[in-house]
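Engineer: File final_1.cif follows (mmCIF, C-alpha atoms (C1' of nucleotides)):
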data_start
#
loop_
_atom_site.label_atom_id
_atom_site.label_comp_id
_atom_site.auth_asym_id
_atom_site.auth_seq_id
_atom_site.Cartn_x
_atom_site.Cartn_y
_atom_site.Cartn_z
CA MET X 1 0.00 0.00 0.00
CA PRO X 2 1.44 3.40 -0.91
CA CYS X 3 2.03 5.76 1.96
CA SER X 4 -0.01 8.93 1.35
CA PRO X 5 1.70 12.18 2.36
CA ASP X 6 0.54 14.02 5.45
CA PRO X 7 -2.45 16.24 4.67
CA SER X 8 -1.94 19.96 5.25
CA PRO X 9 -3.95 21.28 8.22
CA HIS X 10 -4.63 24.40 6.17
CA ASP X 11 -6.19 22.47 3.31
CA VAL X 12 -8.15 20.16 5.61
CA ALA X 13 -9.50 23.25 7.42
CA VAL X 14 -10.62 24.92 4.18
CA GLU X 15 -12.17 21.83 2.64
CA LEU X 16 -13.81 20.42 5.77
CA LYS X 17 -15.38 23.80 6.50
CA LEU X 18 -16.94 23.91 3.05
CA ALA X 19 -18.00 20.26 3.21
CA VAL X 20 -19.87 20.55 6.51
CA GLY X 21 -21.57 23.76 5.39
CA GLN X 22 -22.73 21.98 2.28
CA LEU X 23 -24.03 18.96 4.21
CA VAL X 24 -25.93 21.18 6.64
CA ARG X 25 -27.66 22.96 3.75
CA ARG X 26 -28.50 19.64 2.13
CA LEU X 27 -29.93 18.33 5.42
CA ARG X 28 -31.97 21.48 5.96
CA ALA X 29 -33.48 21.05 2.50
CA GLN X 30 -34.80 17.61 3.56
CA ILE X 31 -36.71 18.85 6.59
CA GLY X 32 -40.40 18.23 6.02
CA SER X 33 -43.33 20.12 7.47
CA GLY X 34 -43.77 19.38 11.16
CA GLU X 35 -40.21 18.07 11.49
CA LEU X 36 -37.59 19.30 13.91
CA THR X 37 -34.67 21.50 12.82
CA LEU X 38 -31.00 20.65 13.38
CA SER X 39 -30.73 23.14 16.25
CA GLN X 40 -33.78 21.68 17.97
CA LEU X 41 -32.57 18.10 17.51
CA SER X 42 -29.12 18.99 18.78
CA ALA X 43 -30.43 20.56 21.98
CA MET X 44 -32.80 17.64 22.54
CA ALA X 45 -30.06 15.07 21.96
CA ARG X 46 -27.84 16.80 24.49
CA LEU X 47 -30.60 16.96 27.09
CA GLU X 48 -31.28 13.25 26.59
CA SER X 49 -27.67 12.14 26.93
CA HIS X 50 -26.60 14.61 29.61
CA GLY X 51 -29.78 14.97 31.64
CA PRO X 52 -31.40 18.26 32.73
CA MET X 53 -29.32 21.37 32.01
CA THR X 54 -29.64 25.12 32.43
CA THR X 55 -30.00 27.47 29.48
CA ALA X 56 -26.50 28.82 30.07
CA ASP X 57 -24.86 25.39 30.17
CA LEU X 58 -26.72 24.24 27.07
CA ALA X 59 -25.70 27.44 25.28
CA ARG X 60 -22.04 26.91 26.15
CA ALA X 61 -22.20 23.29 24.98
CA GLU X 62 -23.85 24.27 21.69
CA ALA X 63 -21.59 27.28 21.11
CA VAL X 64 -24.35 29.88 21.04
CA LYS X 65 -25.36 32.72 23.35
CA PRO X 66 -27.81 32.04 26.20
CA GLN X 67 -30.46 34.21 24.52
CA SER X 68 -30.20 32.12 21.36
CA MET X 69 -30.59 28.88 23.29
CA GLY X 70 -33.53 30.44 25.11
CA ALA X 71 -35.25 30.90 21.75
CA VAL X 72 -34.67 27.27 20.77
CA LEU X 73 -36.02 26.03 24.11
CA ALA X 74 -38.98 28.40 23.81
CA SER X 75 -39.86 26.70 20.52
CA LEU X 76 -39.79 23.23 22.12
CA GLU X 77 -41.55 23.92 25.41
CA PRO X 78 -45.09 24.71 24.16
CA ALA X 79 -45.02 21.45 22.17
CA GLY X 80 -44.30 19.56 25.38
CA LEU X 81 -40.94 18.29 24.13
CA VAL X 82 -38.96 19.86 26.97
CA GLU X 83 -40.05 20.98 30.43
CA ARG X 84 -38.59 23.28 33.05
CA ARG X 85 -37.80 22.30 36.61
CA PRO X 86 -36.72 24.56 39.45
CA HIS X 87 -33.07 24.39 40.47
CA PRO X 88 -32.82 22.73 43.91
CA THR X 89 -30.56 25.34 45.50
CA ASP X 90 -30.33 28.41 43.21
CA GLY X 91 -33.58 30.22 42.55
CA ARG X 92 -32.16 32.03 39.52
CA GLN X 93 -31.41 28.91 37.54
CA ILE X 94 -33.90 26.79 35.64
CA LEU X 95 -33.22 23.22 34.61
CA PHE X 96 -34.59 22.10 31.26
CA ALA X 97 -35.31 18.41 30.73
CA LEU X 98 -36.41 16.31 27.76
CA THR X 99 -39.92 14.95 28.41
CA PRO X 100 -40.96 11.34 27.63
CA LEU X 101 -42.88 12.80 24.69
CA GLY X 102 -39.68 14.56 23.62
CA VAL X 103 -37.77 11.27 23.66
CA LYS X 104 -40.36 9.69 21.39
CA GLU X 105 -40.87 12.64 19.03
CA ARG X 106 -37.17 13.29 18.55
CA HIS X 107 -36.98 10.25 16.31
CA ARG X 108 -40.40 10.49 14.72
CA ARG X 109 -40.05 14.14 13.77
CA SER X 110 -36.73 13.72 11.99
CA ALA X 111 -37.69 10.78 9.78
CA ALA X 112 -37.29 12.56 6.44
CA GLN X 113 -33.81 13.87 7.21
CA GLN X 114 -32.81 10.52 8.66
CA GLN X 115 -34.01 8.57 5.66
CA TRP X 116 -32.27 10.88 3.22
CA MET X 117 -29.02 10.60 5.16
CA GLU X 118 -29.17 6.80 5.42
CA THR X 119 -29.85 6.53 1.69
CA ALA X 120 -26.87 8.76 0.95
CA LEU X 121 -24.68 6.67 3.29
CA SER X 122 -25.84 3.45 1.66
CA ARG X 123 -24.08 4.53 -1.54
CA LEU X 124 -20.70 4.40 0.20
CA SER X 125 -18.48 1.34 0.41
CA ARG X 126 -17.93 -0.49 3.72
CA LYS X 127 -14.52 1.07 4.01
CA GLU X 128 -15.84 4.56 3.33
CA LEU X 129 -18.56 4.12 5.94
CA HIS X 130 -15.86 3.09 8.41
CA THR X 131 -13.93 6.26 7.58
CA LEU X 132 -16.99 8.44 8.25
CA ALA X 133 -17.73 6.55 11.47
CA ALA X 134 -14.16 7.21 12.61
CA ALA X 135 -14.30 10.87 11.56
CA THR X 136 -17.53 11.67 13.41
CA PRO X 137 -16.08 11.72 16.95
CA LEU X 138 -13.11 13.72 15.64
CA ILE X 139 -15.47 16.37 14.26
CA LYS X 140 -17.19 16.47 17.65
CA ARG X 141 -13.83 16.86 19.35
CA LEU X 142 -12.92 19.78 17.06
CA SER X 143 -16.07 21.50 18.29
CA GLY X 144 -14.99 20.95 21.87
CA GLY X 145 -17.52 18.18 22.47
CA MET C 1 -5.05 -5.17 14.92
CA PRO C 2 -8.61 -5.98 16.04
CA CYS C 3 -11.23 -5.88 13.34
CA SER C 4 -13.91 -3.34 14.31
CA PRO C 5 -17.49 -4.33 13.45
CA ASP C 6 -19.26 -2.57 10.60
CA PRO C 7 -20.79 0.71 11.77
CA SER C 8 -24.57 0.97 11.47
CA PRO C 9 -25.67 3.45 8.75
CA HIS C 10 -28.44 4.55 11.11
CA ASP C 11 -26.04 5.44 13.91
CA VAL C 12 -23.56 7.12 11.57
CA ALA C 13 -26.42 9.19 10.13
CA VAL C 14 -27.61 10.33 13.57
CA GLU C 15 -24.16 11.11 14.94
CA LEU C 16 -22.68 12.72 11.82
CA LYS C 17 -25.71 14.98 11.50
CA LEU C 18 -25.25 16.22 15.07
CA ALA C 19 -21.48 16.55 14.66
CA VAL C 20 -21.63 18.73 11.54
CA GLY C 21 -24.36 20.90 13.05
CA GLN C 22 -22.15 21.43 16.06
CA LEU C 23 -19.08 22.28 13.98
CA VAL C 24 -21.05 24.78 11.90
CA ARG C 25 -22.24 26.55 15.06
CA ARG C 26 -18.70 26.59 16.43
CA LEU C 27 -17.36 28.02 13.16
CA ARG C 28 -20.07 30.67 13.04
CA ALA C 29 -19.11 31.75 16.54
CA GLN C 30 -15.57 32.49 15.29
CA ILE C 31 -16.62 34.85 12.51
CA GLY C 32 -15.24 38.30 13.28
CA SER C 33 -16.62 41.64 12.22
CA GLY C 34 -16.07 42.22 8.50
CA GLU C 35 -15.51 38.53 7.80
CA LEU C 36 -17.41 36.43 5.31
CA THR C 37 -20.03 33.90 6.39
CA LEU C 38 -19.99 30.19 5.50
CA SER C 39 -22.69 30.69 2.86
CA GLN C 40 -20.80 33.53 1.24
CA LEU C 41 -17.50 31.63 1.28
CA SER C 42 -19.15 28.54 -0.16
CA ALA C 43 -20.68 30.41 -3.09
CA MET C 44 -17.40 32.22 -3.74
CA ALA C 45 -15.38 28.99 -3.60
CA ARG C 46 -17.71 27.38 -6.11
CA LEU C 47 -17.52 30.35 -8.48
CA GLU C 48 -13.73 30.26 -8.27
CA SER C 49 -13.38 26.55 -8.98
CA HIS C 50 -16.22 26.21 -11.48
CA GLY C 51 -16.10 29.56 -13.24
CA PRO C 52 -19.08 31.89 -13.90
CA MET C 53 -22.49 30.38 -13.03
CA THR C 54 -26.12 31.45 -13.09
CA THR C 55 -28.13 31.98 -9.92
CA ALA C 56 -30.17 28.86 -10.63
CA ASP C 57 -27.14 26.63 -11.15
CA LEU C 58 -25.41 27.96 -8.05
CA ALA C 59 -28.61 27.42 -6.04
CA ARG C 60 -28.87 23.81 -7.23
CA ALA C 61 -25.22 23.16 -6.38
CA GLU C 62 -25.59 24.68 -2.92
CA ALA C 63 -28.93 23.00 -2.22
CA VAL C 64 -30.91 26.20 -1.71
CA LYS C 65 -33.67 27.93 -3.68
CA PRO C 66 -32.75 30.45 -6.40
CA GLN C 67 -34.25 33.29 -4.35
CA SER C 68 -31.99 32.37 -1.42
CA MET C 69 -28.89 32.30 -3.62
CA GLY C 70 -29.98 35.64 -5.05
CA ALA C 71 -29.82 37.10 -1.56
CA VAL C 72 -26.31 35.75 -0.97
CA LEU C 73 -25.09 37.13 -4.31
CA ALA C 74 -26.79 40.44 -3.58
CA SER C 75 -24.70 40.66 -0.39
CA LEU C 76 -21.45 40.08 -2.31
CA GLU C 77 -22.03 42.23 -5.39
CA PRO C 78 -22.00 45.74 -3.81
CA ALA C 79 -18.68 44.85 -2.14
CA GLY C 80 -17.22 44.07 -5.56
CA LEU C 81 -16.53 40.43 -4.68
CA VAL C 82 -18.68 39.06 -7.51
CA GLU C 83 -19.83 40.66 -10.75
CA ARG C 84 -22.59 39.88 -13.22
CA ARG C 85 -22.09 39.24 -16.93
CA PRO C 86 -24.73 38.86 -19.61
CA HIS C 87 -25.35 35.33 -20.85
CA PRO C 88 -24.06 35.07 -24.47
CA THR C 89 -27.19 33.46 -25.95
CA ASP C 90 -30.02 33.59 -23.39
CA GLY C 91 -31.14 37.07 -22.35
CA ARG C 92 -32.94 35.76 -19.27
CA GLN C 93 -29.87 34.30 -17.65
CA ILE C 94 -27.16 36.21 -15.81
CA LEU C 95 -23.72 34.76 -15.18
CA PHE C 96 -22.09 35.61 -11.85
CA ALA C 97 -18.30 35.53 -11.63
CA LEU C 98 -15.80 35.96 -8.80
CA THR C 99 -13.80 39.18 -9.31
CA PRO C 100 -10.02 39.42 -8.80
CA LEU C 101 -10.84 41.32 -5.60
CA GLY C 102 -13.11 38.43 -4.61
CA VAL C 103 -10.28 35.94 -5.09
CA LYS C 104 -8.04 37.96 -2.79
CA GLU C 105 -10.64 38.82 -0.15
CA ARG C 106 -11.98 35.28 0.13
CA HIS C 107 -8.88 34.31 2.08
CA ARG C 108 -8.31 37.56 3.92
CA ARG C 109 -11.88 37.83 5.17
CA SER C 110 -12.00 34.34 6.69
CA ALA C 111 -8.77 34.52 8.68
CA ALA C 112 -10.36 34.19 12.14
CA GLN C 113 -12.38 31.09 11.23
CA GLN C 114 -9.42 29.60 9.43
CA GLN C 115 -7.06 30.15 12.33
CA TRP C 116 -9.48 28.68 14.84
CA MET C 117 -9.99 25.61 12.66
CA GLU C 118 -6.27 25.05 12.09
CA THR C 119 -5.61 25.36 15.80
CA ALA C 120 -8.32 22.79 16.53
CA LEU C 121 -6.89 20.47 13.88
CA SER C 122 -3.40 20.84 15.30
CA ARG C 123 -4.57 19.04 18.44
CA LEU C 124 -5.24 15.86 16.47
CA SER C 125 -2.71 13.11 15.85
CA ARG C 126 -1.27 12.52 12.38
CA LYS C 127 -3.49 9.49 11.96
CA GLU C 128 -6.60 11.43 13.04
CA LEU C 129 -5.80 14.23 10.59
CA HIS C 130 -5.51 11.60 7.87
CA THR C 131 -8.94 10.25 8.82
CA LEU C 132 -10.50 13.72 8.56
CA ALA C 133 -8.75 14.36 5.25
CA ALA C 134 -10.19 11.11 3.92
CA ALA C 135 -13.66 11.85 5.30
CA THR C 136 -13.93 15.32 3.76
CA PRO C 137 -14.51 14.22 0.14
CA LEU C 138 -16.98 11.60 1.41
CA ILE C 139 -18.99 14.30 3.18
CA LYS C 140 -18.99 16.29 -0.06
CA ARG C 141 -20.17 13.24 -1.95
CA LEU C 142 -23.05 12.72 0.51
CA SER C 143 -24.18 16.24 -0.35
CA GLY C 144 -24.13 15.38 -4.02
CA GLY C 145 -20.99 17.40 -4.74
"C1'" DT P 1 -46.31 28.13 -22.01
"C1'" DA P 2 -41.88 27.44 -19.58
"C1'" DT P 3 -37.85 29.45 -17.53
"C1'" DT P 4 -34.84 33.09 -15.24
"C1'" DG P 5 -34.62 36.30 -12.24
"C1'" DT P 6 -36.71 39.80 -8.89
"C1'" DT P 7 -39.67 41.52 -5.21
"C1'" DA P 8 -42.43 40.89 -1.06
"C1'" DT P 9 -43.12 38.49 3.08
"C1'" DA P 10 -42.19 35.28 6.81
"C1'" DC P 11 -39.76 31.95 9.80
"C1'" DT P 12 -35.45 30.11 12.07
"C1'" DC P 13 -31.16 30.93 14.11
"C1'" DT P 14 -28.20 33.82 15.70
"C1'" DA P 15 -26.43 38.31 17.84
"C1'" DT P 16 -26.33 42.65 21.11
"C1'" DA P 17 -28.37 45.44 24.51
"C1'" DA P 18 -31.40 46.45 28.30
"C1'" DC P 19 -34.17 44.68 31.93
"C1'" DT P 20 -35.78 41.64 36.18
"C1'" DA P 21 -35.00 38.51 39.79
"C1'" DT P 22 -32.02 36.07 42.73
"C1'" DA P 23 -27.43 35.21 45.10
"C1'" DT A 1 -22.09 43.48 42.63
"C1'" DA A 2 -22.46 39.35 39.94
"C1'" DT A 3 -25.20 35.86 37.71
"C1'" DA A 4 -29.43 33.53 35.33
"C1'" DG A 5 -32.90 34.34 32.66
"C1'" DT A 6 -36.16 37.28 29.75
"C1'" DT A 7 -37.55 40.80 26.45
"C1'" DA A 8 -36.67 43.79 22.47
"C1'" DT A 9 -34.49 44.44 18.30
"C1'" DA A 10 -31.62 43.34 14.29
"C1'" DG A 11 -29.23 40.73 10.64
"C1'" DA A 12 -28.19 36.48 7.91
"C1'" DG A 13 -30.06 32.61 5.67
"C1'" DT A 14 -33.50 30.24 4.31
"C1'" DA A 15 -38.53 29.47 2.45
"C1'" DT A 16 -43.06 30.40 -0.44
"C1'" DA A 17 -45.71 33.16 -3.42
"C1'" DA A 18 -46.47 36.62 -6.96
"C1'" DC A 19 -44.47 39.23 -10.67
"C1'" DA A 20 -41.66 40.77 -14.99
"C1'" DA A 21 -38.85 39.63 -18.85
"C1'" DT A 22 -37.25 36.47 -22.18
"C1'" DA A 23 -37.35 31.98 -24.80
#
Represent the structure contained in this file as structure tokens.
Structural biologist:
Amino acid sequence: MPCSPDPSPHDVAVELKLAVGQLVRRLRAQIGSGELTLSQLSAMARLESHGPMTTADLARAEAVKPQSMGAVLASLEPAGLVERRPHPTDGRQILFALTPLGVKERHRRSAAQQQWMETALSRLSRKELHTLAAATPLIKRLSGG
Amino acid sequence: MPCSPDPSPHDVAVELKLAVGQLVRRLRAQIGSGELTLSQLSAMARLESHGPMTTADLARAEAVKPQSMGAVLASLEPAGLVERRPHPTDGRQILFALTPLGVKERHRRSAAQQQWMETALSRLSRKELHTLAAATPLIKRLSGG
DNA sequence: TATTGTTATACTCTATAACTATA
DNA sequence: TATAGTTATAGAGTATAACAATA
């Protein structure tokens, strides 16, 4: 097997940036009526894996300002997908938690995106799918996750 | 070396979707005043590599509607980064081209993002950087590019 | 009639700034 | 005084719908 030269961090940065922007646009175009957006799904996924969190902590984790995260949570709360709970010791803080309905709807309301993505992945070879599976946690680590 | 089991397309789809959303938010948070956004950079990069394109073709390539691409181009034109040229045979169509100024400014006006991304990449091992370099064209292929 | 582009309007996601309540 | 959250406002990026010009 030939030994490929080390990739340049500069080139990887430029190309990866464009590639993820492109994929996000393509995913957004698949969102059907009544489905959840990427920002909503991301906040819900984090609440499910991490447990109840405050607006400020969620905002830090998602790399947005607390006011921006407040808007995302405000779009999920009336639908019953997340709920607020008082903080046990600090009256200023509010803990947001994914509801049982939220757990269920998170999957149901992202079916179109999910199906599109799985179809696109099915066109890759086994080896290529392995490469993407290995790259995914690295992309998360770049983002500080 | 142990042979890792085949990754599930379903799980890769879910995780990759969240990972790229996260990276896009993190990148957006690095954009300084006067710098170009991801959408602007993506359109400019495509015009540079592909040559002059119509609004409709650019929109298709970027997976947005023609009206949306029109807005992006309208943000670049007054700054002199792109220019319009008449289509040689079809009076309805307008070709947009990256200007020499656009070529130069594309790099200068994304320095903060670029530096953040290169710093983040520098924390990876050689092997991990190779994995990301190999994954980048696959991500582009998922998006149809 | 079909296609390209533009204009008008609206929604999501994000930001900054100013405010309220609690520590 | 400092911190958590909310409200008000704005800008970018997207969408749909209606329109004008050209093929």
Engineer: Kindly provide, as lines of an AutoDock Vina configuration file, the centre and edge lengths (Å, one decimal) of an axis-aligned box around all atoms of segment 89-97 of chain X given in the file, with 3 Å on each side.
Structural biologist:
center_x = -32.8
center_y = 25.2
center_z = 38.1
size_x = 11.0
size_y = 19.6
size_z = 20.8
Engineer: With only C-alpha atoms (C1' of nucleotides) considered, list every residue of chain X at most 9 Å from chain P, as a ChimeraX atom specification.
Structural biologist: /X:37,39,64-65,67-68,71-72,90-93
Engineer: Starting from the shown file, work through the PyMOL selection byres ((chain X and resi 27-36) around 6) and note down what comes out as number ranges by chain.
Structural biologist: X: 24-26, 37, 109-110, 113
Engineer: Put those residues in a file: C-alpha atoms, as an mmCIF file, in the coordinates of the input.
Structural biologist:
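Heads up, here's the output in part.cif:
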data_model
loop_
_atom_site.group_PDB
_atom_site.id
_atom_site.type_symbol
_atom_site.label_atom_id
_atom_site.label_comp_id
_atom_site.auth_asym_id
_atom_site.auth_seq_id
_atom_site.Cartn_x
_atom_site.Cartn_y
_atom_site.Cartn_z
ATOM 1 C CA VAL X 24 -25.930 21.180 6.640
ATOM 2 C CA ARG X 25 -27.660 22.960 3.750
ATOM 3 C CA ARG X 26 -28.500 19.640 2.130
ATOM 4 C CA THR X 37 -34.670 21.500 12.820
ATOM 5 C CA ARG X 109 -40.050 14.140 13.770
ATOM 6 C CA SER X 110 -36.730 13.720 11.990
ATOM 7 C CA GLN X 113 -33.810 13.870 7.210
#
Engineer: For the structure provided, state which residues fall under the PyMOL selection byres ((chain C and resi 56) around 10), and present them as a ChimeraX atom specification.
Structural biologist: /C:53-55,57-62,64-67,69-70,93-95 /P:4-5
Engineer: Can you work out the spacing between atom C1' of DG13 of chain A and atom CA of Trp116 of chain C in Å, to one decimal?
Structural biologist: 22.9 Å
Engineer: Output chain X as an mmCIF file with C-alpha atoms, keeping the file's coordinate frame, after least-squares fitting it to chain C on all in-order C-alpha pairs.
Structural biologist:
data_model
loop_
_atom_site.group_PDB
_atom_site.id
_atom_site.type_symbol
_atom_site.label_atom_id
_atom_site.label_comp_id
_atom_site.auth_asym_id
_atom_site.auth_seq_id
_atom_site.Cartn_x
_atom_site.Cartn_y
_atom_site.Cartn_z
ATOM 1 C CA MET X 1 -5.049 -5.216 14.776
ATOM 2 C CA PRO X 2 -8.591 -6.046 15.887
ATOM 3 C CA CYS X 3 -11.229 -5.918 13.208
ATOM 4 C CA SER X 4 -13.873 -3.364 14.243
ATOM 5 C CA PRO X 5 -17.465 -4.320 13.414
ATOM 6 C CA ASP X 6 -19.262 -2.563 10.592
ATOM 7 C CA PRO X 7 -20.776 0.720 11.778
ATOM 8 C CA SER X 8 -24.555 0.991 11.502
ATOM 9 C CA PRO X 9 -25.666 3.468 8.812
ATOM 10 C CA HIS X 10 -28.424 4.557 11.179
ATOM 11 C CA ASP X 11 -26.013 5.461 13.955
ATOM 12 C CA VAL X 12 -23.537 7.130 11.599
ATOM 13 C CA ALA X 13 -26.422 9.203 10.175
ATOM 14 C CA VAL X 14 -27.587 10.340 13.623
ATOM 15 C CA GLU X 15 -24.143 11.124 14.982
ATOM 16 C CA LEU X 16 -22.672 12.726 11.860
ATOM 17 C CA LYS X 17 -25.715 14.976 11.551
ATOM 18 C CA LEU X 18 -25.253 16.223 15.098
ATOM 19 C CA ALA X 19 -21.487 16.568 14.683
ATOM 20 C CA VAL X 20 -21.644 18.738 11.562
ATOM 21 C CA GLY X 21 -24.357 20.922 13.085
ATOM 22 C CA GLN X 22 -22.153 21.442 16.095
ATOM 23 C CA LEU X 23 -19.087 22.297 13.996
ATOM 24 C CA VAL X 24 -21.059 24.793 11.916
ATOM 25 C CA ARG X 25 -22.236 26.577 15.069
ATOM 26 C CA ARG X 26 -18.703 26.616 16.437
ATOM 27 C CA LEU X 27 -17.384 28.046 13.151
ATOM 28 C CA ARG X 28 -20.094 30.695 13.042
ATOM 29 C CA ALA X 29 -19.113 31.788 16.547
ATOM 30 C CA GLN X 30 -15.568 32.505 15.275
ATOM 31 C CA ILE X 31 -16.625 34.874 12.511
ATOM 32 C CA GLY X 32 -15.239 38.311 13.281
ATOM 33 C CA SER X 33 -16.609 41.666 12.217
ATOM 34 C CA GLY X 34 -16.074 42.272 8.515
ATOM 35 C CA GLU X 35 -15.530 38.569 7.819
ATOM 36 C CA LEU X 36 -17.436 36.455 5.342
ATOM 37 C CA THR X 37 -20.088 33.932 6.419
ATOM 38 C CA LEU X 38 -20.032 30.230 5.528
ATOM 39 C CA SER X 39 -22.734 30.696 2.883
ATOM 40 C CA GLN X 40 -20.827 33.543 1.256
ATOM 41 C CA LEU X 41 -17.536 31.629 1.305
ATOM 42 C CA SER X 42 -19.190 28.540 -0.119
ATOM 43 C CA ALA X 43 -20.702 30.400 -3.064
ATOM 44 C CA MET X 44 -17.417 32.201 -3.718
ATOM 45 C CA ALA X 45 -15.410 28.976 -3.566
ATOM 46 C CA ARG X 46 -17.733 27.360 -6.079
ATOM 47 C CA LEU X 47 -17.533 30.314 -8.454
ATOM 48 C CA GLU X 48 -13.735 30.218 -8.245
ATOM 49 C CA SER X 49 -13.397 26.505 -8.936
ATOM 50 C CA HIS X 50 -16.225 26.169 -11.450
ATOM 51 C CA GLY X 51 -16.093 29.522 -13.211
ATOM 52 C CA PRO X 52 -19.065 31.836 -13.883
ATOM 53 C CA MET X 53 -22.465 30.341 -13.032
ATOM 54 C CA THR X 54 -26.096 31.415 -13.088
ATOM 55 C CA THR X 55 -28.100 31.965 -9.920
ATOM 56 C CA ALA X 56 -30.162 28.856 -10.629
ATOM 57 C CA ASP X 57 -27.146 26.600 -11.154
ATOM 58 C CA LEU X 58 -25.419 27.927 -8.048
ATOM 59 C CA ALA X 59 -28.615 27.393 -6.052
ATOM 60 C CA ARG X 60 -28.894 23.789 -7.221
ATOM 61 C CA ALA X 61 -25.237 23.144 -6.375
ATOM 62 C CA GLU X 62 -25.619 24.661 -2.902
ATOM 63 C CA ALA X 63 -28.968 22.984 -2.212
ATOM 64 C CA VAL X 64 -30.951 26.178 -1.714
ATOM 65 C CA LYS X 65 -33.697 27.914 -3.681
ATOM 66 C CA PRO X 66 -32.757 30.424 -6.402
ATOM 67 C CA GLN X 67 -34.222 33.287 -4.350
ATOM 68 C CA SER X 68 -31.995 32.355 -1.418
ATOM 69 C CA MET X 69 -28.896 32.278 -3.601
ATOM 70 C CA GLY X 70 -29.969 35.610 -5.062
ATOM 71 C CA ALA X 71 -29.824 37.089 -1.562
ATOM 72 C CA VAL X 72 -26.320 35.736 -0.957
ATOM 73 C CA LEU X 73 -25.088 37.105 -4.293
ATOM 74 C CA ALA X 74 -26.790 40.430 -3.572
ATOM 75 C CA SER X 75 -24.707 40.676 -0.396
ATOM 76 C CA LEU X 76 -21.451 40.076 -2.304
ATOM 77 C CA GLU X 77 -22.019 42.215 -5.387
ATOM 78 C CA PRO X 78 -21.991 45.719 -3.825
ATOM 79 C CA ALA X 79 -18.671 44.848 -2.148
ATOM 80 C CA GLY X 80 -17.208 44.057 -5.558
ATOM 81 C CA LEU X 81 -16.545 40.420 -4.667
ATOM 82 C CA VAL X 82 -18.687 39.034 -7.485
ATOM 83 C CA GLU X 83 -19.822 40.616 -10.745
ATOM 84 C CA ARG X 84 -22.557 39.860 -13.242
ATOM 85 C CA ARG X 85 -22.024 39.207 -16.923
ATOM 86 C CA PRO X 86 -24.660 38.834 -19.615
ATOM 87 C CA HIS X 87 -25.300 35.323 -20.900
ATOM 88 C CA PRO X 88 -23.985 35.056 -24.485
ATOM 89 C CA THR X 89 -27.106 33.489 -25.988
ATOM 90 C CA ASP X 90 -29.979 33.659 -23.451
ATOM 91 C CA GLY X 91 -31.049 37.128 -22.404
ATOM 92 C CA ARG X 92 -32.874 35.827 -19.330
ATOM 93 C CA GLN X 93 -29.828 34.320 -17.697
ATOM 94 C CA ILE X 94 -27.117 36.179 -15.827
ATOM 95 C CA LEU X 95 -23.688 34.735 -15.174
ATOM 96 C CA PHE X 96 -22.070 35.568 -11.851
ATOM 97 C CA ALA X 97 -18.281 35.513 -11.608
ATOM 98 C CA LEU X 98 -15.787 35.925 -8.770
ATOM 99 C CA THR X 99 -13.806 39.148 -9.293
ATOM 100 C CA PRO X 100 -10.013 39.400 -8.771
ATOM 101 C CA LEU X 101 -10.836 41.304 -5.584
ATOM 102 C CA GLY X 102 -13.115 38.424 -4.586
ATOM 103 C CA VAL X 103 -10.285 35.925 -5.058
ATOM 104 C CA LYS X 104 -8.054 37.954 -2.764
ATOM 105 C CA GLU X 105 -10.658 38.818 -0.116
ATOM 106 C CA ARG X 106 -11.996 35.286 0.159
ATOM 107 C CA HIS X 107 -8.896 34.319 2.096
ATOM 108 C CA ARG X 108 -8.328 37.570 3.938
ATOM 109 C CA ARG X 109 -11.893 37.851 5.187
ATOM 110 C CA SER X 110 -12.013 34.370 6.684
ATOM 111 C CA ALA X 111 -8.784 34.549 8.681
ATOM 112 C CA ALA X 112 -10.353 34.213 12.132
ATOM 113 C CA GLN X 113 -12.385 31.131 11.241
ATOM 114 C CA GLN X 114 -9.421 29.632 9.428
ATOM 115 C CA GLN X 115 -7.051 30.169 12.316
ATOM 116 C CA TRP X 116 -9.473 28.703 14.827
ATOM 117 C CA MET X 117 -9.994 25.641 12.646
ATOM 118 C CA GLU X 118 -6.271 25.076 12.055
ATOM 119 C CA THR X 119 -5.592 25.365 15.783
ATOM 120 C CA ALA X 120 -8.311 22.819 16.511
ATOM 121 C CA LEU X 121 -6.882 20.478 13.844
ATOM 122 C CA SER X 122 -3.382 20.848 15.253
ATOM 123 C CA ARG X 123 -4.549 19.059 18.406
ATOM 124 C CA LEU X 124 -5.228 15.882 16.429
ATOM 125 C CA SER X 125 -2.697 13.139 15.787
ATOM 126 C CA ARG X 126 -1.267 12.535 12.295
ATOM 127 C CA LYS X 127 -3.494 9.529 11.909
ATOM 128 C CA GLU X 128 -6.589 11.434 12.993
ATOM 129 C CA LEU X 129 -5.811 14.233 10.551
ATOM 130 C CA HIS X 130 -5.529 11.610 7.814
ATOM 131 C CA THR X 131 -8.950 10.264 8.790
ATOM 132 C CA LEU X 132 -10.518 13.734 8.536
ATOM 133 C CA ALA X 133 -8.765 14.371 5.219
ATOM 134 C CA ALA X 134 -10.208 11.108 3.895
ATOM 135 C CA ALA X 135 -13.677 11.861 5.279
ATOM 136 C CA THR X 136 -13.952 15.333 3.740
ATOM 137 C CA PRO X 137 -14.556 14.232 0.126
ATOM 138 C CA LEU X 138 -17.005 11.602 1.400
ATOM 139 C CA ILE X 139 -19.019 14.301 3.176
ATOM 140 C CA LYS X 140 -19.027 16.295 -0.061
ATOM 141 C CA ARG X 141 -20.206 13.234 -1.951
ATOM 142 C CA LEU X 142 -23.070 12.710 0.524
ATOM 143 C CA SER X 143 -24.213 16.228 -0.321
ATOM 144 C CA GLY X 144 -24.159 15.376 -4.003
ATOM 145 C CA GLY X 145 -20.992 17.366 -4.672
#
Engineer: Set the cut-off to 9 Å and count only C-alpha atoms (C1' of nucleotides): what are the residues of chain A that reach chain C? Output as a PyMOL selection string.
Structural biologist: chain A and resi 12-15+21-23
